[in-house]
Amino acid sequence: MKHTKLNNKIIVNDLSQFEIKQIFDCGQIFRYHIYNDNVAEVVSKDNYARIFTYKDKVEIETDNVDYFVNFFDLDRDYNAIKDSLKDDKFLSPAIKFGYGIRILNQDVFEMIVSFIISANNNIKRIKNSLNALSKKFGTKIGLHSCFNEIENSPLTSGKVYYAFPTLKQLKKASVKDFVEAGLGYRAEYMHHTIQRLKQTDINNFVNLSDNEQLEFLLSLKGVGEKVAHCILLFSVHQTHVFPVDTWINKVYNDLTSTTTTNRKVISKELTSRYKNLSGYAQQYFFYYYRSARNTPALID
């Protein structure tokens with residue numbers, strides 16, 4: 001996709017495949033905030049960016065340009081992906097509705113923590129929990145001088161923001177800390193998983209085969225197949241997976257005119273239908289079913 005890199009800014013010129021609200025609101029990230037539909041901010045790992053949407057371009061301001069080029073997957077042509085999927089008449093309305101969606105490239109540890117917290121939870125609580133953990137355990141980082149302070153920002157305070165805590169930082173957290181961050185019953189799962197992860201080399205995760213990655217994730221407390229597929233899709237870009245939640249269950253039942261609730265069957269059959277583009281199809285469907293129908297932002 002056409003974009004220009006400057007010292008502290010990325011300029012995106014093709015708005016047919018980049019729309020920040022669609023990108024952030026399709027269930028793949030939680031440490032973001034959108035203001036008046038034309039200004040947004042995001043924290044990923046220890047990196048911060050502010051996104052400004054204009055009539056003919058998007059400007060991404062950051063002091064780590066290369067990180068956010070990869071984060072937003074800007075070197076990939078999503079119009080080509082949409083062209084490959086557009087002949088599916090059932091999916092076509094979802095593609096038109098979510099034309100600007102892009103699948104983000106995020107940190108695997110951040111995704112493990114985020115999606116364990118996301119299970120049977122709502123967006124507001126997930127955001128609050130992640131921000132609370134970041135503020136308590138993450139590194140405080142000063143904003144670049146190019147940024148003005150945003151009043152009442154949930155991600156910045158004065159001229160600082162808090163990085164997502166590393167495994168080393170979060171392994172100091174107790175079950176009580178997780179409870180106080182709003183994790184509820186997930187606090188025990190999180191504590192157990194963090195203790196397990198500190199005995200492994202999480203950096204080696206990307207070197208595992210696809211099946212080994214899935215098996216490793218499923219061995220963690222609080223990680224079922226849907227959560228594992230989300231982690232794989234949003235961290236290592238395994239686009240052949242098809243995470244199934246309530247909304248995708250509805251998609252499948254509409255597609256097949258059935259009332260099936262077996263999510264293993266649903267995932268297998270939708271993956272068979274969309275193959276290596278399954279992850280993209282999942283994001284278009286998820287955003288369309290949840291947003292176009294004006295339904296509550298619940299993630300299961």
# chains A, B, ... in the order shown; residues from 1 in each chain; ligands from 1
$ residues_around --residues "range 177-187 of chain A" --least-positions-apart "6" --cutoff "12 Å" --atoms "only C-alpha atoms" --output "number ranges by chain"
A: 113-122, 124-137, 170-171, 193-194, 221-223
$ residues_around --residues "Val244 in chain A" --least-positions-apart "3" --cutoff "8 Å" --atoms "only C-alpha atoms" --output "MDAnalysis selection string"
chainID A and resid 226 247:249 263 266:267
$ closest_residue --among "A:Ser145, A:Ser157, A:Thr139, A:Ser257" --to "Gln169 in chain A" --atoms "only C-alpha atoms"
A:Thr139
$ select_by_dssp --residues "range 43-143 of chain A" --states "helix (DSSP H, G or I)" --output "PyMOL selection string"
chain A and resi 65-71+78-85+92-97+108-118+123-137
$ closest_residue --among "A:Phe68, A:Phe216, A:Tyr252, A:Phe242" --to "Gln282 in chain A" --atoms "only C-alpha atoms"
A:Phe242
$ closest_atom_pairs --of "range 134-170 of chain A" --to "range 26-49 of chain A" --cutoff "9 Å" --atoms "only C-alpha atoms" --output "Markdown table"
| residue | atom | partner | partner_atom | distance |
| --- | --- | --- | --- | --- |
| A:Gly138 | CA | A:Asp46 | CA | 8.6 |
| A:Thr139 | CA | A:Asp46 | CA | 7.8 |
| A:Ile141 | CA | A:Asp46 | CA | 7.9 |
| A:Leu143 | CA | A:Tyr48 | CA | 8.0 |
| A:Ser153 | CA | A:His33 | CA | 7.8 |
| A:Pro154 | CA | A:His33 | CA | 7.4 |
| A:Leu155 | CA | A:Tyr32 | CA | 7.3 |
| A:Tyr161 | CA | A:Tyr48 | CA | 7.9 |
| A:Tyr162 | CA | A:Asp46 | CA | 7.4 |
| A:Ala163 | CA | A:Asp46 | CA | 4.2 |
| A:Phe164 | CA | A:Lys45 | CA | 4.9 |
| A:Pro165 | CA | A:Lys45 | CA | 7.6 |
| A:Thr166 | CA | A:Lys45 | CA | 8.1 |
$ residues_around --residues "Asn204 in chain A" --least-positions-apart "5" --cutoff "12 Å" --atoms "only C-alpha atoms" --output "list in words"
Val108, Phe109, Leu197, Ser209, Glu212, Gln213 and Phe216 of chain A
